[in-house]
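Pasted below: coords-v2.cif, mmCIF, C-alpha atoms.
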data_entry
loop_
_atom_site.group_PDB
_atom_site.id
_atom_site.type_symbol
_atom_site.label_atom_id
_atom_site.label_comp_id
_atom_site.auth_asym_id
_atom_site.auth_seq_id
_atom_site.Cartn_x
_atom_site.Cartn_y
_atom_site.Cartn_z
ATOM 1 C CA MET A 11 20.354 -17.349 13.261
ATOM 2 C CA ASP A 12 17.509 -19.480 11.930
ATOM 3 C CA ARG A 13 13.948 -18.258 12.145
ATOM 4 C CA THR A 14 12.843 -20.840 14.707
ATOM 5 C CA ARG A 15 15.376 -19.586 17.219
ATOM 6 C CA PHE A 16 14.648 -15.960 16.318
ATOM 7 C CA ARG A 17 10.927 -16.513 16.728
ATOM 8 C CA ARG A 18 11.317 -18.211 20.096
ATOM 9 C CA THR A 19 13.362 -15.278 21.318
ATOM 10 C CA ALA A 20 10.968 -12.786 19.797
ATOM 11 C CA LEU A 21 7.887 -14.382 21.257
ATOM 12 C CA ALA A 22 9.396 -14.040 24.704
ATOM 13 C CA LEU A 23 9.094 -10.275 24.264
ATOM 14 C CA SER A 24 5.802 -8.520 24.655
ATOM 15 C CA ALA A 25 4.457 -6.390 21.830
ATOM 16 C CA ALA A 26 4.676 -3.396 24.138
ATOM 17 C CA SER A 27 8.376 -3.992 24.739
ATOM 18 C CA VAL A 28 9.050 -4.224 21.029
ATOM 19 C CA LEU A 29 7.174 -1.058 20.201
ATOM 20 C CA ALA A 30 9.060 0.713 22.959
ATOM 21 C CA LEU A 31 12.264 0.014 21.047
ATOM 22 C CA GLY A 32 11.660 2.484 18.237
ATOM 23 C CA TRP A 33 14.742 1.451 16.260
ATOM 24 C CA PHE A 34 13.493 -2.150 16.140
ATOM 25 C CA ALA A 35 10.008 -1.363 14.938
ATOM 26 C CA SER A 36 10.936 1.358 12.449
ATOM 27 C CA PRO A 37 10.574 0.475 8.739
ATOM 28 C CA SER A 38 13.828 2.362 8.089
ATOM 29 C CA ARG A 39 15.625 -0.253 10.135
ATOM 30 C CA ALA A 40 14.110 -3.199 8.272
ATOM 31 C CA ALA A 41 16.280 -6.250 7.782
ATOM 32 C CA GLU A 42 15.770 -5.900 4.030
ATOM 33 C CA GLU A 43 15.366 -2.579 2.229
ATOM 34 C CA ALA A 44 13.423 -2.194 -0.998
ATOM 35 C CA PHE A 45 15.118 -1.844 -4.374
ATOM 36 C CA ILE A 46 14.016 0.704 -6.956
ATOM 37 C CA ILE A 47 14.068 -1.228 -10.224
ATOM 38 C CA PRO A 48 12.522 -0.838 -13.687
ATOM 39 C CA PRO A 49 9.669 -3.063 -14.883
ATOM 40 C CA PRO A 50 10.382 -5.831 -17.393
ATOM 41 C CA VAL A 51 11.043 -4.571 -20.908
ATOM 42 C CA ALA A 52 8.528 -7.138 -22.167
ATOM 43 C CA ASP A 53 5.493 -8.641 -20.462
ATOM 44 C CA ILE A 54 2.857 -11.285 -21.108
ATOM 45 C CA ALA A 55 -0.308 -9.930 -22.673
ATOM 46 C CA PRO A 56 -3.416 -10.012 -20.455
ATOM 47 C CA ALA A 57 -5.569 -13.103 -20.893
ATOM 48 C CA GLU A 58 -9.045 -14.144 -19.873
ATOM 49 C CA GLY A 59 -9.556 -15.841 -16.533
ATOM 50 C CA LEU A 60 -7.460 -16.143 -13.403
ATOM 51 C CA LYS A 61 -3.837 -17.314 -13.483
ATOM 52 C CA THR A 62 -1.595 -18.846 -10.813
ATOM 53 C CA PHE A 63 2.107 -18.431 -10.196
ATOM 54 C CA VAL A 64 4.383 -19.884 -7.506
ATOM 55 C CA LEU A 65 7.439 -18.175 -6.083
ATOM 56 C CA ALA A 66 9.641 -18.265 -2.997
ATOM 57 C CA GLY A 67 11.605 -15.504 -1.325
ATOM 58 C CA GLY A 68 12.301 -16.321 2.301
ATOM 59 C CA CYS A 69 9.706 -16.717 5.038
ATOM 60 C CA PHE A 70 6.299 -17.137 3.427
ATOM 61 C CA TRP A 71 4.594 -14.937 6.007
ATOM 62 C CA GLY A 72 5.942 -11.759 4.454
ATOM 63 C CA VAL A 73 5.740 -12.944 0.845
ATOM 64 C CA GLN A 74 2.094 -13.844 1.305
ATOM 65 C CA GLY A 75 1.392 -10.568 3.087
ATOM 66 C CA VAL A 76 2.813 -8.424 0.285
ATOM 67 C CA TYR A 77 0.789 -10.123 -2.419
ATOM 68 C CA GLN A 78 -2.377 -10.112 -0.341
ATOM 69 C CA HIS A 79 -2.066 -6.317 -0.453
ATOM 70 C CA THR A 80 -1.431 -6.258 -4.218
ATOM 71 C CA ARG A 81 -4.293 -5.111 -6.424
ATOM 72 C CA GLY A 82 -5.421 -7.807 -8.838
ATOM 73 C CA VAL A 83 -4.380 -10.696 -6.598
ATOM 74 C CA THR A 84 -7.427 -12.717 -5.593
ATOM 75 C CA ASN A 85 -5.636 -15.203 -3.331
ATOM 76 C CA ALA A 86 -2.134 -15.868 -2.012
ATOM 77 C CA VAL A 87 -1.562 -19.177 -0.234
ATOM 78 C CA SER A 88 1.512 -20.012 1.844
ATOM 79 C CA GLY A 89 2.906 -23.470 1.202
ATOM 80 C CA TYR A 90 5.779 -25.624 0.041
ATOM 81 C CA ALA A 91 7.228 -26.363 -3.404
ATOM 82 C CA GLY A 92 10.301 -28.157 -4.684
ATOM 83 C CA GLY A 93 9.970 -31.421 -2.770
ATOM 84 C CA LYS A 94 7.716 -34.430 -2.318
ATOM 85 C CA ALA A 95 4.189 -34.413 -0.945
ATOM 86 C CA SER A 96 5.169 -36.821 1.843
ATOM 87 C CA THR A 97 7.500 -34.280 3.456
ATOM 88 C CA ALA A 98 5.530 -31.123 2.715
ATOM 89 C CA ASN A 99 5.001 -30.078 6.315
ATOM 90 C CA TYR A 100 6.537 -27.325 8.429
ATOM 91 C CA GLU A 101 8.442 -29.565 10.805
ATOM 92 C CA ALA A 102 10.088 -31.566 8.026
ATOM 93 C CA ILE A 103 11.002 -28.681 5.729
ATOM 94 C CA GLY A 104 12.434 -26.763 8.684
ATOM 95 C CA ARG A 105 15.404 -29.151 8.661
ATOM 96 C CA GLY A 106 16.345 -27.909 5.202
ATOM 97 C CA THR A 107 16.767 -31.415 3.799
ATOM 98 C CA THR A 108 13.504 -32.065 1.938
ATOM 99 C CA GLY A 109 14.177 -29.931 -1.134
ATOM 100 C CA HIS A 110 11.189 -27.682 -0.435
ATOM 101 C CA ALA A 111 11.172 -23.925 -0.295
ATOM 102 C CA GLU A 112 8.659 -21.933 1.688
ATOM 103 C CA ALA A 113 6.606 -20.682 -1.247
ATOM 104 C CA VAL A 114 3.455 -18.759 -2.074
ATOM 105 C CA GLN A 115 0.943 -19.625 -4.758
ATOM 106 C CA ILE A 116 -0.486 -16.425 -6.192
ATOM 107 C CA THR A 117 -3.829 -16.361 -7.968
ATOM 108 C CA TYR A 118 -4.307 -13.180 -9.950
ATOM 109 C CA ASP A 119 -6.397 -11.503 -12.634
ATOM 110 C CA PRO A 120 -4.024 -10.661 -15.516
ATOM 111 C CA LYS A 121 -6.382 -7.907 -16.648
ATOM 112 C CA GLN A 122 -5.796 -6.119 -13.348
ATOM 113 C CA VAL A 123 -2.148 -6.950 -12.706
ATOM 114 C CA THR A 124 0.371 -8.442 -15.117
ATOM 115 C CA LEU A 125 2.907 -11.112 -14.309
ATOM 116 C CA GLY A 126 5.603 -8.564 -15.076
ATOM 117 C CA LYS A 127 4.290 -6.284 -12.330
ATOM 118 C CA LEU A 128 4.139 -9.190 -9.871
ATOM 119 C CA LEU A 129 7.772 -9.954 -10.695
ATOM 120 C CA GLN A 130 8.802 -6.319 -10.298
ATOM 121 C CA ILE A 131 7.241 -6.325 -6.831
ATOM 122 C CA TYR A 132 8.986 -9.627 -6.062
ATOM 123 C CA PHE A 133 12.432 -8.335 -7.001
ATOM 124 C CA SER A 134 11.844 -4.949 -5.368
ATOM 125 C CA VAL A 135 9.970 -5.180 -2.069
ATOM 126 C CA VAL A 136 9.311 -8.869 -1.344
ATOM 127 C CA HIS A 137 12.930 -9.874 -0.694
ATOM 128 C CA ASP A 138 16.598 -9.382 -1.519
ATOM 129 C CA PRO A 139 17.170 -11.550 -4.610
ATOM 130 C CA THR A 140 20.955 -11.443 -4.221
ATOM 131 C CA GLN A 141 20.956 -13.498 -1.012
ATOM 132 C CA LEU A 142 21.730 -17.172 -1.530
ATOM 133 C CA ASN A 143 19.734 -19.647 0.578
ATOM 134 C CA ARG A 144 18.748 -17.061 3.152
ATOM 135 C CA GLN A 145 16.655 -13.976 3.826
ATOM 136 C CA GLY A 146 17.309 -11.743 6.824
ATOM 137 C CA PRO A 147 17.546 -13.927 9.954
ATOM 138 C CA ASP A 148 16.422 -17.075 8.085
ATOM 139 C CA THR A 149 19.033 -19.416 6.652
ATOM 140 C CA GLY A 150 18.798 -22.657 4.692
ATOM 141 C CA THR A 151 17.680 -23.840 1.272
ATOM 142 C CA GLN A 152 14.071 -23.706 2.430
ATOM 143 C CA TYR A 153 14.416 -19.899 2.341
ATOM 144 C CA ARG A 154 15.962 -19.713 -1.131
ATOM 145 C CA SER A 155 14.959 -17.225 -3.791
ATOM 146 C CA THR A 156 13.240 -19.360 -6.408
ATOM 147 C CA ILE A 157 10.514 -19.074 -9.015
ATOM 148 C CA PHE A 158 8.623 -22.219 -9.959
ATOM 149 C CA THR A 159 7.289 -22.312 -13.511
ATOM 150 C CA SER A 160 5.439 -24.770 -15.719
ATOM 151 C CA ASP A 161 4.770 -22.434 -18.649
ATOM 152 C CA PRO A 162 7.512 -21.680 -21.242
ATOM 153 C CA ALA A 163 6.332 -18.097 -21.747
ATOM 154 C CA GLU A 164 6.465 -17.446 -18.006
ATOM 155 C CA ARG A 165 9.911 -19.006 -17.748
ATOM 156 C CA LYS A 166 11.232 -16.833 -20.588
ATOM 157 C CA LEU A 167 9.799 -13.706 -18.992
ATOM 158 C CA VAL A 168 11.566 -14.509 -15.711
ATOM 159 C CA GLN A 169 14.858 -15.337 -17.435
ATOM 160 C CA ASP A 170 14.763 -12.176 -19.544
ATOM 161 C CA TYR A 171 13.909 -10.004 -16.544
ATOM 162 C CA ILE A 172 16.746 -11.415 -14.446
ATOM 163 C CA ALA A 173 19.134 -10.800 -17.350
ATOM 164 C CA GLN A 174 17.763 -7.265 -17.702
ATOM 165 C CA LEU A 175 18.258 -6.461 -14.011
ATOM 166 C CA ASN A 176 21.728 -7.997 -13.905
ATOM 167 C CA GLY A 177 22.707 -6.133 -17.060
ATOM 168 C CA ALA A 178 21.507 -2.853 -15.583
ATOM 169 C CA LYS A 179 23.425 -3.583 -12.356
ATOM 170 C CA ALA A 180 20.260 -2.955 -10.383
ATOM 171 C CA TYR A 181 21.888 -4.548 -7.328
ATOM 172 C CA LYS A 182 25.372 -4.520 -5.872
ATOM 173 C CA LYS A 183 25.609 -8.278 -6.435
ATOM 174 C CA ALA A 184 24.300 -10.677 -9.059
ATOM 175 C CA ILE A 185 20.795 -12.046 -8.622
ATOM 176 C CA ALA A 186 20.781 -15.450 -6.904
ATOM 177 C CA THR A 187 17.188 -16.296 -7.847
ATOM 178 C CA THR A 188 16.841 -19.674 -9.540
ATOM 179 C CA LEU A 189 14.138 -21.166 -11.718
ATOM 180 C CA GLU A 190 12.748 -24.600 -10.962
ATOM 181 C CA PRO A 191 10.063 -26.654 -12.691
ATOM 182 C CA LEU A 192 6.798 -26.602 -10.773
ATOM 183 C CA GLN A 193 6.153 -30.221 -9.856
ATOM 184 C CA GLY A 194 3.645 -29.546 -7.131
ATOM 185 C CA PHE A 195 2.499 -26.972 -4.602
ATOM 186 C CA TYR A 196 1.345 -27.997 -1.140
ATOM 187 C CA ALA A 197 -0.579 -25.554 1.032
ATOM 188 C CA ALA A 198 0.956 -24.929 4.451
ATOM 189 C CA GLU A 199 -0.794 -25.604 7.732
ATOM 190 C CA ASP A 200 -3.769 -23.375 8.538
ATOM 191 C CA TYR A 201 -1.920 -21.495 11.273
ATOM 192 C CA HIS A 202 0.512 -20.126 8.676
ATOM 193 C CA GLN A 203 -2.214 -18.669 6.471
ATOM 194 C CA ASP A 204 -2.927 -14.922 6.767
ATOM 195 C CA TYR A 205 -0.199 -14.847 9.440
ATOM 196 C CA LEU A 206 0.870 -11.247 8.886
ATOM 197 C CA THR A 207 -2.693 -9.959 9.147
ATOM 198 C CA LEU A 208 -3.496 -12.054 12.209
ATOM 199 C CA HIS A 209 -0.258 -11.241 14.084
ATOM 200 C CA PRO A 210 0.705 -7.636 13.240
ATOM 201 C CA ASN A 211 2.402 -7.131 16.629
ATOM 202 C CA GLN A 212 4.508 -10.291 16.510
ATOM 203 C CA PRO A 213 8.121 -9.053 16.691
ATOM 204 C CA TYR A 214 9.295 -11.040 13.661
ATOM 205 C CA ILE A 215 6.453 -9.527 11.609
ATOM 206 C CA VAL A 216 7.068 -6.015 12.938
ATOM 207 C CA PHE A 217 10.756 -6.048 12.098
ATOM 208 C CA ASN A 218 10.913 -8.115 8.914
ATOM 209 C CA ASP A 219 7.536 -7.975 7.192
ATOM 210 C CA LEU A 220 5.518 -4.855 7.962
ATOM 211 C CA PRO A 221 8.215 -2.702 6.325
ATOM 212 C CA LYS A 222 7.635 -4.677 3.106
ATOM 213 C CA ILE A 223 3.965 -3.696 3.167
ATOM 214 C CA GLU A 224 4.948 -0.062 3.716
ATOM 215 C CA ASN A 225 7.398 -0.238 0.820
ATOM 216 C CA LEU A 226 4.714 -1.734 -1.424
ATOM 217 C CA LYS A 227 2.387 1.117 -0.489
ATOM 218 C CA LYS A 228 5.083 3.728 -1.099
ATOM 219 C CA ILE A 229 6.808 2.418 -4.224
ATOM 220 C CA PHE A 230 3.864 0.709 -5.935
ATOM 221 C CA ALA A 231 1.013 2.965 -4.812
ATOM 222 C CA GLU A 232 -1.048 2.177 -7.913
ATOM 223 C CA SER A 233 -0.817 -1.554 -7.141
ATOM 224 C CA TYR A 234 -1.460 -1.336 -3.398
ATOM 225 C CA ARG A 235 -4.752 -2.407 -1.842
ATOM 226 C CA GLU A 236 -5.531 -1.563 1.761
ATOM 227 C CA LYS A 237 -7.799 -4.555 2.421
ATOM 228 C CA PRO A 238 -5.826 -7.816 2.036
ATOM 229 C CA ALA A 239 -7.136 -10.766 0.038
ATOM 230 C CA LEU A 240 -7.232 -13.340 2.825
ATOM 231 C CA VAL A 241 -7.119 -17.111 2.444
ATOM 232 C CA ARG A 242 -9.957 -17.581 4.916
ATOM 233 C CA GLU A 243 -12.188 -15.282 2.841
ATOM 234 C CA ALA A 244 -11.303 -17.114 -0.384
ATOM 235 C CA LYS A 245 -12.261 -20.419 1.264
ATOM 236 C CA ALA A 246 -15.534 -18.973 2.502
ATOM 237 C CA ASN A 247 -16.439 -17.795 -0.998
ATOM 238 C CA ASN A 248 -15.713 -21.168 -2.649
#

For this file, write the structure as structure tokens.
Amino acid sequence: MDRTRFRRTALALSAASVLALGWFASPSRAAEEAFIIPPPVADIAPAEGLKTFVLAGGCFWGVQGVYQHTRGVTNAVSGYAGGKASTANYEAIGRGTTGHAEAVQITYDPKQVTLGKLLQIYFSVVHDPTQLNRQGPDTGTQYRSTIFTSDPAERKLVQDYIAQLNGAKAYKKAIATTLEPLQGFYAAEDYHQDYLTLHPNQPYIVFNDLPKIENLKKIFAESYREKPALVREAKANN
């Protein structure tokens, strides 16, 4: 079932009805469970100044939400990557024919959190990297597991980490995550930004995304921040 249909069904339910169904709201019944995996054997040394990185792992609501609660991340913007600027809008990419993926651009301080740690979180709690062109109820290439890079050192780190995890048989299946050159990132419409924080009782968020935040808090306690780094606050400070 695609997310549009799932969301329409979900929105027909009241938050009270969803919470009354304990099995539906429970993190233990999340559509995607977390994976306990080792960090990368090698990492990129901390550098001065903020860095950005773009990745995709299913619906950007949850991906953005996880990184907004990650210590060292100063901003996480939902958007589109992998296609042209002319079709970088929610309605067009929803058809799955534009080449875009729902992606998140992460701005982070490498002295507070390394790229290796961000990748460990990505492959552990953000999504299931073994699913091809889907995540949970969402299907289509727009929900693919993809990392967009423009820096050779970043690309090598990702390639080496995927090889490390596959070699260690960290998952029951091989990792389906692909690497694509970053040719452009286009911020999504305003109503998609900070969606998890603004709609914590929305059934899709309750079932698919809040468990990811709980897993981040549990598995990566040292990297978890209670107060999210919101897009609206970043805009206000610029």

Which residues are close to Thr151 of chain A, i.e. within 12 Å by all atoms listed in the file, leaving aside same-chain residues fewer than 2 positions away? Reply as a PyMOL selection string. chain A and resi 12+66-69+91-93+103-113+141-145+148-149+153-156+187-188

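Distance check against Ala231 of chain A using all atoms listed in the file: of A:Thr80, A:Thr207, A:Thr62, A:Asn247, the minimum falls on A:Thr80.
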
So, with all atoms listed in the file as the atoms that count, which of A:Asn248, A:Asn211, A:Ser160, A:Gln169 lies closest to Pro191 of chain A?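 Among the listed residues, A:Ser160 lies closest to Pro191 of chain A.
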
Take the PyMOL selection byres ((chain A and resi 134) around 7), apply it to the structure above, and return the hits as a PyMOL selection string. chain A and resi 44-47+130-133+135-137

Could you list, as JSON, numbers by chain, every residue matched by the PyMOL selection byres ((chain A and resi 159) around 10) in this structure? {"A": [62, 63, 64, 65, 156, 157, 158, 160, 161, 162, 163, 164, 165, 166, 168, 189, 190, 191, 192, 193]}

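Atom to atom, atom CA of Phe217 of chain A and atom CA of Gly146 of chain A stand 10.2 Å apart.
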
Going by the chain IDs and residue numbers used in this file, which residues fall under the PyMOL selection byres ((chain A and resi 172) around 10)? Write them as a PyMOL selection string. chain A and resi 50+129+133+139+166-171+173-178+184-188

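Considering all atoms listed in the file, the residue among A:Gln212, A:Thr140, A:Thr124, A:Leu206 positioned nearest to Ala180 of chain A is A:Thr140.
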
Correct to one decimal, the distance atom CA of Tyr234 of chain A-atom CA of Lys222 of chain A is 11.7 Å

Quick one: of A:Tyr118, A:Tyr100, A:Tyr205, A:Tyr214, who's nearest to Ala86 of chain A, counting all atoms listed in the file?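 Residue with the minimum atom-to-atom distance to Ala86 of chain A: A:Tyr118.
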
Measure the distance from atom CA of Ala98 of chain A to atom CA of Gln152 of chain A in Å and round it to one decimal.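 According to the coordinates, atom CA of Ala98 of chain A and atom CA of Gln152 of chain A are separated by 11.3 Å.
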
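Shortest separation to Asp204 of chain A among A:Lys183, A:Ile54, A:Arg81, A:Leu240 occurs at residue A:Leu240, atoms counted being all atoms listed in the file.
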
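Near Lys127 of chain A, within a cut-off of 9 Å and counting all atoms listed in the file, sit the residues A:Pro49, A:Pro50, A:Asp53, A:Ser233, with same-chain residues fewer than 6 positions away left out.
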
Quick one: of A:Pro210, A:Gly89, A:Gly126, A:Pro221, who's nearest to Tyr196 of chain A, counting only C-alpha atoms?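 Nearest candidate to Tyr196 of chain A out of A:Pro210, A:Gly89, A:Gly126, A:Pro221: A:Gly89.
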